[in-house]
Structure formats: structure tokens, C-alpha cells
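With TSV, C-alpha atoms inside, this is upload_32.tsv:
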chain	number	residue	atom	x	y	z
T	1	MET	CA	-20.47	-97.36	106.72
T	2	THR	CA	-19.51	-94.13	108.45
T	3	ASP	CA	-17.11	-93.21	105.64
T	4	GLY	CA	-19.84	-93.82	103.07
T	5	SER	CA	-22.35	-91.69	104.97
T	6	GLY	CA	-19.79	-88.92	105.32
T	7	ALA	CA	-18.99	-89.00	101.61
T	8	SER	CA	-22.67	-88.96	100.74
T	9	LEU	CA	-23.25	-85.95	103.01
T	10	GLY	CA	-20.29	-84.20	101.45
T	11	ARG	CA	-21.70	-84.74	97.97
T	12	ARG	CA	-25.08	-83.38	99.03
T	13	VAL	CA	-23.50	-80.29	100.57
T	14	ALA	CA	-21.40	-79.72	97.45
T	15	ALA	CA	-24.50	-80.08	95.27
T	16	LEU	CA	-26.39	-77.58	97.42
T	17	VAL	CA	-23.49	-75.10	97.21
T	18	ARG	CA	-23.48	-75.39	93.43
T	19	ARG	CA	-27.24	-74.94	93.28
T	20	LEU	CA	-27.12	-71.79	95.41
T	21	GLU	CA	-24.17	-70.29	93.52
T	22	PRO	CA	-25.19	-67.30	91.36
T	23	ARG	CA	-23.89	-66.95	87.83
T	24	PRO	CA	-20.30	-65.63	87.61
T	25	ARG	CA	-21.25	-62.19	86.33
T	26	LEU	CA	-23.82	-61.81	89.09
T	27	VAL	CA	-21.23	-62.74	91.70
T	28	ASP	CA	-18.84	-60.07	90.41
T	29	TRP	CA	-21.43	-57.31	90.21
T	30	SER	CA	-23.04	-58.30	93.49
T	31	LEU	CA	-19.65	-57.88	95.15
T	32	PHE	CA	-19.30	-54.47	93.54
T	33	ALA	CA	-22.79	-53.35	94.62
T	34	LEU	CA	-22.26	-54.59	98.17
T	35	VAL	CA	-18.85	-52.92	98.47
T	36	VAL	CA	-20.43	-49.63	97.35
T	37	LEU	CA	-23.21	-50.12	99.91
T	38	VAL	CA	-20.71	-50.87	102.67
T	39	LEU	CA	-18.61	-47.85	101.67
T	40	VAL	CA	-21.55	-45.43	101.61
T	41	THR	CA	-23.10	-46.64	104.87
T	42	GLY	CA	-19.67	-46.70	106.50
T	43	LEU	CA	-18.82	-43.13	105.49
T	44	VAL	CA	-22.25	-41.79	106.46
T	45	SER	CA	-22.05	-43.62	109.79
T	46	LEU	CA	-18.89	-41.65	110.64
T	47	VAL	CA	-21.03	-38.52	110.95
T	48	SER	CA	-24.05	-40.26	112.47
T	49	GLY	CA	-24.37	-40.30	116.23
T	50	SER	CA	-28.13	-40.21	116.82
T	51	ALA	CA	-30.15	-43.36	117.47
T	52	ASP	CA	-32.49	-42.68	114.55
T	53	ARG	CA	-29.52	-43.39	112.27
T	54	GLY	CA	-28.96	-46.79	113.86
T	55	TRP	CA	-30.32	-48.57	110.79
T	56	LEU	CA	-27.21	-47.43	108.87
T	57	PHE	CA	-24.98	-49.54	111.09
T	58	VAL	CA	-27.26	-52.57	110.74
T	59	VAL	CA	-27.25	-52.29	106.93
T	60	HIS	CA	-23.46	-51.87	107.00
T	61	GLY	CA	-23.06	-55.08	109.01
T	62	LEU	CA	-25.54	-57.09	106.93
T	63	ALA	CA	-23.89	-55.98	103.68
T	64	GLY	CA	-20.50	-57.04	105.04
T	65	LEU	CA	-21.83	-60.48	105.91
T	66	ALA	CA	-23.40	-60.78	102.44
T	67	ILE	CA	-20.01	-59.94	100.91
T	68	THR	CA	-18.61	-62.97	102.74
T	69	ALA	CA	-21.02	-65.28	100.91
T	70	PHE	CA	-20.31	-63.84	97.46
T	71	LEU	CA	-16.57	-63.76	98.14
T	72	PHE	CA	-16.75	-67.48	98.94
T	73	TYR	CA	-18.30	-68.15	95.55
T	74	LYS	CA	-15.78	-65.89	93.83
T	75	LEU	CA	-12.77	-67.59	95.43
T	76	ARG	CA	-14.28	-71.00	94.77
T	77	ARG	CA	-14.49	-70.18	91.09
T	78	VAL	CA	-10.98	-68.76	90.67
T	79	ARG	CA	-9.10	-71.04	93.03
T	80	TYR	CA	-7.48	-73.00	90.18
T	81	ARG	CA	-5.98	-69.81	88.72
T	82	VAL	CA	-4.51	-68.88	92.08
T	83	THR	CA	-3.05	-72.31	92.77
T	84	GLY	CA	-1.67	-72.63	89.24
T	85	ARG	CA	1.99	-72.06	88.52
T	86	ALA	CA	1.71	-69.21	86.01
T	87	TRP	CA	0.40	-66.07	87.68
T	88	THR	CA	-0.58	-63.07	85.58
T	89	ALA	CA	-0.91	-59.45	86.69
T	90	THR	CA	-4.67	-59.99	86.84
T	91	THR	CA	-4.18	-62.99	89.14
T	92	ALA	CA	-1.93	-60.98	91.45
T	93	LEU	CA	-4.50	-58.17	91.54
T	94	SER	CA	-7.24	-60.66	92.37
T	95	VAL	CA	-5.19	-62.08	95.25
T	96	LEU	CA	-4.46	-58.56	96.56
T	97	LEU	CA	-8.15	-57.64	96.32
T	98	ALA	CA	-9.21	-60.83	98.09
T	99	THR	CA	-6.62	-60.25	100.84
T	100	ALA	CA	-7.78	-56.67	101.47
T	101	THR	CA	-11.43	-57.74	101.44
T	102	LEU	CA	-10.85	-60.63	103.84
T	103	GLY	CA	-8.79	-58.31	106.03
T	104	ALA	CA	-11.60	-55.72	106.18
T	105	LEU	CA	-14.17	-58.42	106.94
T	106	GLY	CA	-11.94	-60.14	109.48
T	107	THR	CA	-11.09	-56.98	111.41
T	108	GLY	CA	-14.78	-56.05	111.46
T	109	VAL	CA	-15.75	-59.43	112.90
T	110	TRP	CA	-12.86	-59.29	115.36
T	111	TRP	CA	-14.05	-55.89	116.58
T	112	VAL	CA	-17.64	-57.09	116.93
T	113	PHE	CA	-16.46	-59.90	119.20
T	114	GLY	CA	-14.50	-57.54	121.43
T	115	GLY	CA	-11.08	-57.61	119.78
T	116	SER	CA	-8.58	-54.77	120.03
T	117	LEU	CA	-5.27	-53.86	118.47
T	118	ASP	CA	-2.77	-51.16	119.40
T	119	LEU	CA	-1.41	-49.43	116.31
T	120	GLY	CA	-0.03	-46.32	118.00
T	121	PRO	CA	-2.51	-43.48	117.35
T	122	TRP	CA	-4.87	-45.94	115.64
T	123	GLY	CA	-6.67	-49.09	116.66
T	124	LEU	CA	-8.46	-52.10	115.24
T	125	LEU	CA	-11.48	-50.15	114.01
T	126	ASN	CA	-9.22	-47.71	112.17
T	127	LEU	CA	-7.50	-50.66	110.47
T	128	HIS	CA	-10.92	-52.01	109.47
T	129	ILE	CA	-11.84	-48.66	107.91
T	130	GLY	CA	-8.48	-48.37	106.16
T	131	LEU	CA	-8.67	-51.83	104.61
T	132	GLY	CA	-12.22	-51.13	103.49
T	133	LEU	CA	-11.08	-47.98	101.70
T	134	VAL	CA	-8.28	-49.93	99.99
T	135	VAL	CA	-10.80	-52.43	98.60
T	136	VAL	CA	-12.67	-49.80	96.57
T	137	PRO	CA	-9.97	-48.74	94.06
T	138	LEU	CA	-8.73	-52.32	93.73
T	139	LEU	CA	-12.23	-53.54	92.92
T	140	LEU	CA	-12.88	-50.73	90.44
T	141	TYR	CA	-9.63	-51.48	88.61
T	142	HIS	CA	-10.35	-55.18	88.64
T	143	LEU	CA	-13.79	-54.67	87.11
T	144	SER	CA	-12.40	-52.29	84.48
T	145	ARG	CA	-10.05	-55.04	83.30
T	146	ARG	CA	-12.78	-57.68	83.22
T	147	TYR	CA	-15.89	-55.62	82.41
T	148	ARG	CA	-18.80	-57.92	81.60
T	149	PRO	CA	-22.22	-56.49	82.50
T	150	PRO	CA	-24.83	-59.03	83.59
T	151	ALA	CA	-27.29	-60.12	80.93
T	152	ARG	CA	-31.05	-60.10	81.50
T	153	SER	CA	-31.00	-63.89	81.53
T	154	ASP	CA	-28.66	-63.78	84.55
T	155	LEU	CA	-31.34	-62.04	86.56
T	156	GLU	CA	-34.37	-64.07	85.57
T	157	GLY	CA	-35.87	-67.13	87.17
T	158	ARG	CA	-36.87	-68.40	90.58
T	159	ARG	CA	-33.44	-69.89	91.06
T	160	THR	CA	-31.81	-66.42	91.10
T	161	ALA	CA	-34.42	-65.21	93.60
T	162	LEU	CA	-33.72	-68.26	95.77
T	163	GLN	CA	-29.99	-67.64	95.64
T	164	TYR	CA	-30.24	-64.02	96.71
T	165	GLY	CA	-32.92	-64.78	99.27
T	166	THR	CA	-30.65	-67.39	100.83
T	167	VAL	CA	-27.77	-64.90	101.07
T	168	LEU	CA	-29.99	-62.27	102.71
T	169	VAL	CA	-31.53	-64.70	105.17
T	170	GLY	CA	-28.11	-66.13	105.97
T	171	ALA	CA	-26.67	-62.66	106.61
T	172	ALA	CA	-29.57	-61.76	108.91
T	173	ALA	CA	-29.23	-65.06	110.79
T	174	ALA	CA	-25.47	-64.54	111.21
T	175	TRP	CA	-26.12	-61.01	112.51
T	176	ARG	CA	-28.50	-62.28	115.16
T	177	LEU	CA	-26.18	-65.17	116.01
T	178	GLN	CA	-23.25	-62.87	116.72
T	179	GLN	CA	-25.40	-60.82	119.08
T	180	SER	CA	-26.40	-63.95	120.99
T	181	ALA	CA	-22.86	-65.31	120.99
T	182	ASN	CA	-21.49	-62.05	122.40
T	183	ARG	CA	-23.99	-62.15	125.25
T	184	VAL	CA	-23.43	-65.83	126.05
T	185	LEU	CA	-19.65	-65.52	125.92
T	186	ASP	CA	-19.76	-62.16	127.73
T	187	THR	CA	-17.23	-60.61	125.34
T	188	ALA	CA	-16.15	-56.99	125.27
T	189	GLY	CA	-18.37	-56.64	122.21
T	190	ALA	CA	-21.52	-57.45	124.17
T	191	GLU	CA	-21.96	-53.88	125.44
T	192	ARG	CA	-21.42	-52.01	122.20
T	193	ARG	CA	-23.59	-49.03	121.29
T	194	PHE	CA	-25.53	-49.12	118.03
T	195	THR	CA	-22.50	-47.38	116.48
T	196	GLY	CA	-20.27	-50.30	117.45
T	197	SER	CA	-18.39	-48.24	120.06
T	198	ARG	CA	-17.45	-49.61	123.49
T	199	GLU	CA	-17.52	-47.71	126.79
T	200	ASP	CA	-14.26	-46.24	128.09
T	201	GLY	CA	-13.74	-43.76	130.93
T	202	SER	CA	-17.24	-42.49	131.68
T	203	ASP	CA	-17.57	-40.16	134.69
T	204	ALA	CA	-13.82	-40.23	135.28
T	205	GLY	CA	-12.92	-36.66	134.43
T	206	ASN	CA	-10.05	-36.41	131.94
T	207	ALA	CA	-9.32	-40.15	132.20
T	208	PHE	CA	-11.01	-41.03	128.91
T	209	PRO	CA	-9.07	-41.68	125.68
T	210	ILE	CA	-7.26	-38.83	123.96
T	211	THR	CA	-7.59	-38.98	120.21
T	212	SER	CA	-7.07	-36.45	117.43
T	213	TRP	CA	-8.33	-36.47	113.88
T	214	VAL	CA	-5.42	-36.95	111.42
T	215	ALA	CA	-2.61	-34.55	112.51
T	216	ASP	CA	-4.04	-32.15	115.08
T	217	ASP	CA	-1.47	-31.96	117.91
T	218	PRO	CA	-0.84	-28.32	118.90
T	219	ASP	CA	1.39	-27.02	121.67
T	220	PRO	CA	-0.46	-26.29	124.93
T	221	VAL	CA	-2.55	-23.12	124.70
T	222	ASP	CA	-1.49	-20.19	126.91
T	223	ALA	CA	-4.71	-19.18	128.67
T	224	ASP	CA	-3.38	-15.65	129.30
T	225	GLU	CA	-2.98	-15.01	125.57
T	226	TRP	CA	-6.01	-16.96	124.34
T	227	THR	CA	-9.34	-15.37	123.38
T	228	LEU	CA	-12.65	-16.66	122.07
T	229	ASP	CA	-13.85	-14.50	119.18
T	230	VAL	CA	-17.57	-14.59	118.37
T	231	GLY	CA	-18.37	-12.97	115.02
T	232	GLY	CA	-19.91	-13.33	111.60
T	233	ALA	CA	-23.60	-12.63	111.09
T	234	VAL	CA	-24.14	-11.08	114.53
T	235	GLU	CA	-25.10	-7.63	115.77
T	236	THR	CA	-22.42	-7.44	118.46
T	237	PRO	CA	-19.15	-9.30	117.82
T	238	ARG	CA	-17.45	-10.33	121.06
T	239	SER	CA	-14.01	-11.34	122.23
T	240	LEU	CA	-13.74	-13.20	125.54
T	241	SER	CA	-10.56	-13.80	127.51
T	242	TYR	CA	-10.20	-16.91	129.63
T	243	ALA	CA	-10.95	-14.79	132.70
T	244	ASP	CA	-14.28	-13.82	131.11
T	245	VAL	CA	-15.37	-17.44	130.75
T	246	ASP	CA	-17.85	-18.44	133.44
T	247	PRO	CA	-18.47	-22.22	133.32
T	248	ALA	CA	-21.99	-21.91	134.73
T	249	HIS	CA	-23.71	-24.07	132.09
T	250	GLU	CA	-23.75	-27.85	132.63
T	251	ASP	CA	-24.96	-30.69	130.46
T	252	ARG	CA	-24.56	-34.46	130.56
T	253	VAL	CA	-23.59	-35.67	127.08
T	254	LEU	CA	-22.18	-38.86	125.60
T	255	LEU	CA	-19.09	-38.61	123.40
T	256	ASP	CA	-18.95	-41.33	120.72
T	257	CYS	CA	-15.62	-41.48	118.89
T	258	THR	CA	-15.15	-43.01	115.43
T	259	SER	CA	-12.10	-44.81	116.87
T	260	GLY	CA	-14.58	-47.18	118.54
T	261	TRP	CA	-15.17	-45.94	122.09
T	262	PHE	CA	-17.78	-43.87	123.89
T	263	SER	CA	-17.68	-42.00	127.18
T	264	GLU	CA	-20.43	-40.16	129.07
T	265	HIS	CA	-19.70	-37.13	131.25
T	266	ASP	CA	-21.01	-34.00	132.91
T	267	TRP	CA	-19.60	-31.08	130.95
T	268	GLN	CA	-19.35	-27.55	132.34
T	269	GLY	CA	-18.76	-24.42	130.29
T	270	LEU	CA	-20.52	-21.84	128.12
T	271	SER	CA	-23.92	-22.37	126.54
T	272	VAL	CA	-23.62	-21.75	122.79
T	273	GLY	CA	-27.27	-20.67	122.77
T	274	ASP	CA	-26.51	-17.98	125.36
T	275	LEU	CA	-23.51	-16.77	123.35
T	276	LEU	CA	-25.67	-16.48	120.23
T	277	ASP	CA	-28.31	-14.50	122.11
T	278	GLU	CA	-25.73	-12.17	123.66
T	279	ALA	CA	-24.09	-11.53	120.28
T	280	GLY	CA	-27.44	-11.10	118.53
T	281	ALA	CA	-27.34	-13.71	115.78
T	282	SER	CA	-28.90	-12.52	112.51
T	283	ASP	CA	-32.43	-13.70	111.75
T	284	ASP	CA	-31.27	-15.32	108.50
T	285	ALA	CA	-28.25	-17.03	110.05
T	286	ALA	CA	-28.21	-20.78	109.39
T	287	TRP	CA	-24.87	-22.18	110.61
T	288	VAL	CA	-22.41	-21.77	113.45
T	289	GLN	CA	-18.78	-22.66	112.77
T	290	PHE	CA	-16.35	-23.57	115.56
T	291	ARG	CA	-12.68	-23.06	114.78
T	292	SER	CA	-9.65	-24.56	116.53
T	293	VAL	CA	-6.26	-22.94	117.06
T	294	THR	CA	-4.98	-25.51	114.53
T	295	GLY	CA	-7.32	-24.36	111.76
T	296	TYR	CA	-9.56	-27.38	112.26
T	297	ARG	CA	-13.21	-26.32	112.01
T	298	TRP	CA	-16.72	-27.72	111.90
T	299	SER	CA	-20.19	-26.22	111.52
T	300	LEU	CA	-23.53	-27.08	113.09
T	301	PRO	CA	-26.99	-25.91	112.01
T	302	ILE	CA	-27.79	-22.92	114.20
T	303	GLU	CA	-30.74	-24.53	115.99
T	304	GLU	CA	-28.61	-27.58	116.81
T	305	ALA	CA	-25.72	-25.36	117.87
T	306	ARG	CA	-27.97	-23.69	120.46
T	307	ASP	CA	-28.00	-27.00	122.37
T	308	ALA	CA	-24.20	-27.31	122.28
T	309	THR	CA	-21.69	-26.37	124.97
T	310	LEU	CA	-18.21	-24.89	124.82
T	311	ALA	CA	-16.76	-26.85	127.73
T	312	THR	CA	-14.02	-25.74	130.07
T	313	HIS	CA	-14.46	-28.65	132.51
T	314	VAL	CA	-15.42	-32.32	132.44
T	315	ASP	CA	-16.83	-33.93	135.60
T	316	ASP	CA	-15.71	-30.82	137.52
T	317	GLU	CA	-12.10	-31.21	136.32
T	318	ARG	CA	-10.57	-28.51	134.15
T	319	LEU	CA	-10.07	-29.90	130.65
T	320	SER	CA	-6.59	-31.22	130.02
T	321	HIS	CA	-4.67	-30.03	126.98
T	322	GLY	CA	-5.24	-33.32	125.20
T	323	HIS	CA	-8.99	-32.95	125.63
T	324	GLY	CA	-9.11	-29.43	124.25
T	325	PHE	CA	-8.23	-26.84	126.93
T	326	PRO	CA	-9.25	-24.05	127.11
T	327	LEU	CA	-12.53	-24.79	125.25
T	328	ARG	CA	-13.93	-27.87	123.58
T	329	LEU	CA	-17.15	-28.11	121.64
T	330	VAL	CA	-19.64	-30.57	123.15
T	331	ALA	CA	-22.17	-31.43	120.44
T	332	PRO	CA	-24.90	-33.89	121.50
T	333	GLU	CA	-25.52	-36.79	119.09
T	334	ARG	CA	-22.47	-35.87	116.99
T	335	ARG	CA	-19.41	-38.09	116.55
T	336	GLY	CA	-16.18	-37.27	118.33
T	337	PHE	CA	-14.29	-35.72	115.40
T	338	GLN	CA	-17.01	-33.07	115.19
T	339	TRP	CA	-16.35	-32.02	118.80
T	340	VAL	CA	-13.78	-29.35	117.92
T	341	LYS	CA	-10.96	-29.01	120.45
T	342	TRP	CA	-8.91	-25.91	121.39
T	343	VAL	CA	-11.71	-23.64	120.17
T	344	GLU	CA	-10.71	-20.01	119.58
T	345	GLY	CA	-13.43	-18.85	117.23
T	346	MET	CA	-17.20	-19.09	116.81
T	347	ARG	CA	-18.55	-17.68	113.57
T	348	VAL	CA	-22.23	-17.34	112.64
T	349	THR	CA	-22.85	-17.76	108.89
T	350	ARG	CA	-25.68	-17.83	106.38
T	351	ARG	CA	-24.09	-20.61	104.34
T	352	ARG	CA	-21.98	-23.54	105.37
T	353	ASP	CA	-18.25	-23.34	104.75
T	354	ARG	CA	-17.59	-26.43	102.62
T	355	SER	CA	-13.83	-25.98	102.93
T	356	GLU	CA	-14.05	-27.43	106.44
T	357	TRP	CA	-14.26	-30.88	104.84
T	358	VAL	CA	-10.70	-30.25	103.63
T	359	ALA	CA	-9.58	-28.55	106.84
T	360	VAL	CA	-10.34	-31.60	108.99
T	361	PHE	CA	-7.83	-33.61	106.97
T	362	VAL	CA	-5.00	-31.07	106.62
T	363	SER	CA	-5.18	-29.05	109.86
T	364	GLY	CA	-2.07	-29.46	111.95
T	365	LEU	CA	0.11	-30.68	109.08
T	366	ASP	CA	2.01	-27.39	108.87
T	367	GLU	CA	2.90	-27.29	112.57
Mind converting the file's structure to C-alpha cells?
Amino acid sequence: MTDGSGASLGRRVAALVRRLEPRPRLVDWSLFALVVLVLVTGLVSLVSGSADRGWLFVVHGLAGLAITAFLFYKLRRVRYRVTGRAWTATTALSVLLATATLGALGTGVWWVFGGSLDLGPWGLLNLHIGLGLVVVPLLLYHLSRRYRPPARSDLEGRRTALQYGTVLVGAAAAWRLQQSANRVLDTAGAERRFTGSREDGSDAGNAFPITSWVADDPDPVDADEWTLDVGGAVETPRSLSYADVDPAHEDRVLLDCTSGWFSEHDWQGLSVGDLLDEAGASDDAAWVQFRSVTGYRWSLPIEEARDATLATHVDDERLSHGHGFPLRLVAPERRGFQWVKWVEGMRVTRRRDRSEWVAVFVSGLDE
């Protein structure tokens, strides 16, 4: 009797799965649309550190969970091709795409539940991002080989609305469930910020993680030979030696790194707003660019830059080389890679220097 009841339940579940399964073309294009959504929200989130951008991270997570549902239907449909003896190039590509997608989803879930992984200069969250980026070209190539746009009939009917509604509700329920599970199990993921980052080294001086974007790893800066040059659209360009730097300004700011950690500290150094006033920034100036000894550079809107600090100390400790001695930009509500280290130049401009988007990826490679 138990076996019969179990078989009957299995048949009902299988029937429900078939009923909720979208048409094949909708599955393929839904996966594509969701991957694009995950990619866009993921990339934008890398430069989003303020709480009013928190919705980006929620959408990113929900879209990832929705991908899981559609990937289940996709793999269910093609499983006979994969388990068959004669593989084609298309089959191999499909397996590679599925592996990368499952890897990106799995590492994301692992991170959410407090997982970690030591990959030298990178960690689990970096692996998650890397696998996600690999999925995009594989999916585009896969669709180009099997291009079949959805027909209007695929989108019509209450059944299609029910299918998509179920996926959305299921993703939202899974999102809430993971939050509750993290709290109940008291995992390392329970105390994440809205960005997904976990606390590490707050109020401990230089004892927070040292990370660098791509290849930035200069030799220690000689303070006796170093200068900070302030120029551009200013009335009085200035050049400060390290002896001229008076760390009288203090601000408590949280550093949130895209590697997946955050750390809150009291930073001491120079007020960027004071430097702009002393140099006499032009009335039509719009941006302030901060340049590292490595060529790495980043710009902030001038009004935002006025609230920034060029730090010499953290929690009353002089910055270590790894954390950017002699000066590091402290930019509230910006992600860690925008906090330029080893600053030697501050340039006021009327237009943003778009080449800095290239510089952040190639700086340090010629050292």
C-alpha cells in the first residue's frame, strides 16, 4: 500500500512539473533574458555601495534563483541527448554551458550560506563572478547555433502566466527561506550587508584584508621622494610633500570590497573638500580624479569628492604599504576598488576621463 501511494504521489508530482513547464523556446529565451539581467545587475552592483541601490542585489539574487528553475526544465528536456552515446559539438557546448551555469549558481548559494574558498589573491565570490562572466559568451554562441525566436502563441494563455508566476513566487519564497535558514543555523552568511559582504577587521587598524584590483602591486613608496600634486581646473595648483600632510581630518567610514568583505574604521588624513577650497576649484569643475603611483585612477563627482578623505592613518595607525601608504582615498558609499591607493595626484576636471575604465584593468601590468 505504501509503494502504491508513493508511486501515485510521484505521478502527480511529475504531472505537475509537466504542467508548469514552459514551452521549449520560452525556456531558452527566458534563460537568456535572466542571464542578461543577472549580468547587468551584477556589474552595476560592483560600483554600488549605497543602501538606496540595495534593490539591485535583491533583483540579482531573485534572477539567479529563477535561472535555477528554467535550467531544471532545460536539462530535463535535453537529458537524453547528454546521456546518449553519440555526442555532437552542440551537445558538448550545452554540457559546458550547463556546467558553468551550475557552477555560478552553486558558488553564489555557497557564499550566501557563509562558504569561503582560498584561491590565492581571489576568493569564492571572485570565482562566482568569473563563472558568471563565462556563461554569457557560451550562451550567446549556443543561441546563435539554435536561433528560434518565440512565437506569439508561446506567450499567450493563462497557462503561460501561471508558469511564470510560479517561477517568480518560488524564487521569492526561496530568497526568504535562505534568510531564515541563515539566521536559524547561525551561519557566516547571516550577518551579510545588503551587498552580500561579510565583516572582517573593523576597528583593528591595518588588520583588515589587503586586496588589489587586477595587478596593482607597487614597491613601497619612499615618503621622502613622494609628493601629492593637486592640479587641473584650479586657480592655485599645489604640490605637498609628506611632511606637509597634516592628518587633522577624521571620518568614520565603512569600506565594502567587491571581494566580499566589509570593514568599518576611523580614518585620519586630509579633507578633499579643504584641498579643493585651498586650490580654488573652478566654478565649472565637475569631477575630481585621484591617481595612484601605478597609473590606477578613479574620478568622483566634485560634490561627492568634497566628502572624501585622503587618509594617512586608519584607527590611529599609519597606513601600511598594502593599504595604500602614504595616501589612500576614502570614498563613503563607494566600493573598495574605487578607494584609490598610493595616491600621488588629484586632478580637478570639467569632464570625466573615460580612460580610467581601462586603467583600472591594466595598471600595474608593466611593473
Of the candidates T:Val44, T:Val27, T:Val230, T:Val95, which shows the shortest atom-to-atom distance to Thr160 (chain T), using only C-alpha atoms?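 Closest candidate: T:Val27.
The spacing separating CA of Pro22 (chain T) from CA of Val78 (chain T) amounts to 14.3 Å.
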Between T:Phe262, T:Phe290, T:Phe194, T:Phe72, which one has atoms that come closest to Leu329 (chain T), using only C-alpha atoms?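 Nearest to Leu329 (chain T): T:Phe290.
Coordinates place CA of Phe113 (chain T) at a distance of 28.4 Å from CA of Ser94 (chain T).
When only C-alpha atoms are used to measure the gap to Asn126 (chain T), the shortest distance among T:Leu20, T:Leu46, T:Val59, T:Leu162 belongs to T:Leu46.
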Proximity check region 141-234 of chain T to region 100-111 of chain T, 10 Å, nearest pairs one decimal Å, only C-alpha atoms, as JSON lines:
{"residue": "T:Gln178", "atom": "CA", "partner": "T:Val109", "partner_atom": "CA", "distance": 9.1}
{"residue": "T:Ala188", "atom": "CA", "partner": "T:Trp111", "partner_atom": "CA", "distance": 9.0}
{"residue": "T:Gly189", "atom": "CA", "partner": "T:Trp111", "partner_atom": "CA", "distance": 7.1}
{"residue": "T:Gly196", "atom": "CA", "partner": "T:Trp111", "partner_atom": "CA", "distance": 8.4}
{"residue": "T:Ser197", "atom": "CA", "partner": "T:Trp111", "partner_atom": "CA", "distance": 9.5}
{"residue": "T:Arg198", "atom": "CA", "partner": "T:Trp111", "partner_atom": "CA", "distance": 9.9}
One decimal, Å: what's the distance from CA of Thr349 (chain T) over to CA of Gly42 (chain T), could you say? 29.2 Å
From the set T:Pro149, T:Gly157, T:Pro220, T:Pro237, which residue has the shortest atom-to-atom contact distance to Asp277 (chain T), counting only C-alpha atoms? T:Pro237
Have a look at T:Ile210, T:Gly260, T:Asp217, T:Thr227 and name the one nearest to Gly114 (chain T); count only C-alpha atoms.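 Under the stated criterion, the closest residue is T:Gly260.
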Taking all atoms listed in the file into account, which of T:Val134, T:Ile302, T:Leu270, T:Val234 comes nearest Trp287 (chain T)? T:Ile302
Leaving out Ala69 (chain T) and any residue of its chain fewer than 4 positions from it, which residues lie within 10 Å of it when counting all atoms listed in the file, given as a list in words?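 Contacts, in chain order: Glu21, Val27, Leu31, Gly64, Leu65, Tyr73, Lys74, Thr166, Val167, Leu168, Gly170 and Ala171 of chain T.
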Identify the residues within 12 Å of coordinate (-27.3, -25.7, 129.2) (same frame as the file), considering all atoms listed in the file, and give the answer as a list in words.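 It turns out the residues near that spot are Pro247, Ala248, His249, Glu250, Asp251, Arg252, Val253, Asp266, Trp267, Gln268, Gly269, Leu270, Ser271, Val272, Gly273, Asp274, Leu275, Ala305, Arg306, Asp307, Ala308, Thr309, Leu310, Ala311, Val330, Ala331 and Pro332 of chain T.
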May I have the selected residues written with C-alpha atoms, as an mmCIF file, in the frame of the given file?
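Saved result, again_26.cif, follows:
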data_model
loop_
_atom_site.group_PDB
_atom_site.id
_atom_site.type_symbol
_atom_site.label_atom_id
_atom_site.label_comp_id
_atom_site.auth_asym_id
_atom_site.auth_seq_id
_atom_site.Cartn_x
_atom_site.Cartn_y
_atom_site.Cartn_z
ATOM 1 C CA PRO T 247 -18.470 -22.220 133.320
ATOM 2 C CA ALA T 248 -21.990 -21.910 134.730
ATOM 3 C CA HIS T 249 -23.710 -24.070 132.090
ATOM 4 C CA GLU T 250 -23.750 -27.850 132.630
ATOM 5 C CA ASP T 251 -24.960 -30.690 130.460
ATOM 6 C CA ARG T 252 -24.560 -34.460 130.560
ATOM 7 C CA VAL T 253 -23.590 -35.670 127.080
ATOM 8 C CA ASP T 266 -21.010 -34.000 132.910
ATOM 9 C CA TRP T 267 -19.600 -31.080 130.950
ATOM 10 C CA GLN T 268 -19.350 -27.550 132.340
ATOM 11 C CA GLY T 269 -18.760 -24.420 130.290
ATOM 12 C CA LEU T 270 -20.520 -21.840 128.120
ATOM 13 C CA SER T 271 -23.920 -22.370 126.540
ATOM 14 C CA VAL T 272 -23.620 -21.750 122.790
ATOM 15 C CA GLY T 273 -27.270 -20.670 122.770
ATOM 16 C CA ASP T 274 -26.510 -17.980 125.360
ATOM 17 C CA LEU T 275 -23.510 -16.770 123.350
ATOM 18 C CA ALA T 305 -25.720 -25.360 117.870
ATOM 19 C CA ARG T 306 -27.970 -23.690 120.460
ATOM 20 C CA ASP T 307 -28.000 -27.000 122.370
ATOM 21 C CA ALA T 308 -24.200 -27.310 122.280
ATOM 22 C CA THR T 309 -21.690 -26.370 124.970
ATOM 23 C CA LEU T 310 -18.210 -24.890 124.820
ATOM 24 C CA ALA T 311 -16.760 -26.850 127.730
ATOM 25 C CA VAL T 330 -19.640 -30.570 123.150
ATOM 26 C CA ALA T 331 -22.170 -31.430 120.440
ATOM 27 C CA PRO T 332 -24.900 -33.890 121.500
#
Contacts of Tyr141 (chain T) within 12 Å, only C-alpha atoms, excl. fewer than 6 positions in-chain, as a CSV table (one decimal) with C-alpha atoms, keeping the file's coordinate frame:
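Below is the file that was written, selection_19.csv:
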chain,number,residue,atom,x,y,z
T,32,PHE,CA,-19.3,-54.5,93.5
T,89,ALA,CA,-0.9,-59.4,86.7
T,90,THR,CA,-4.7,-60.0,86.8
T,93,LEU,CA,-4.5,-58.2,91.5
T,94,SER,CA,-7.2,-60.7,92.4
T,96,LEU,CA,-4.5,-58.6,96.6
T,97,LEU,CA,-8.2,-57.6,96.3
T,134,VAL,CA,-8.3,-49.9,100.0
T,135,VAL,CA,-10.8,-52.4,98.6
T,147,TYR,CA,-15.9,-55.6,82.4
Put a box with edges along x, y and z around all the listed atoms of region 191-197 of chain T, pad it by 6 Å on each side, then give me its centre and sizes in Å, one decimal, as AutoDock Vina command-line options.
--center_x -22.0 --center_y -50.6 --center_z 121.0 --size_x 19.1 --size_y 18.5 --size_z 21.0
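Look at Leu62 (chain T): the protein and nucleic acid residues within 9 Å of it, using only C-alpha atoms and passing over chain neighbours fewer than 5 places away, are Val38, Phe57, Ile67, Leu168, Ala171, Ala172, Ala174 and Trp175 of chain T.
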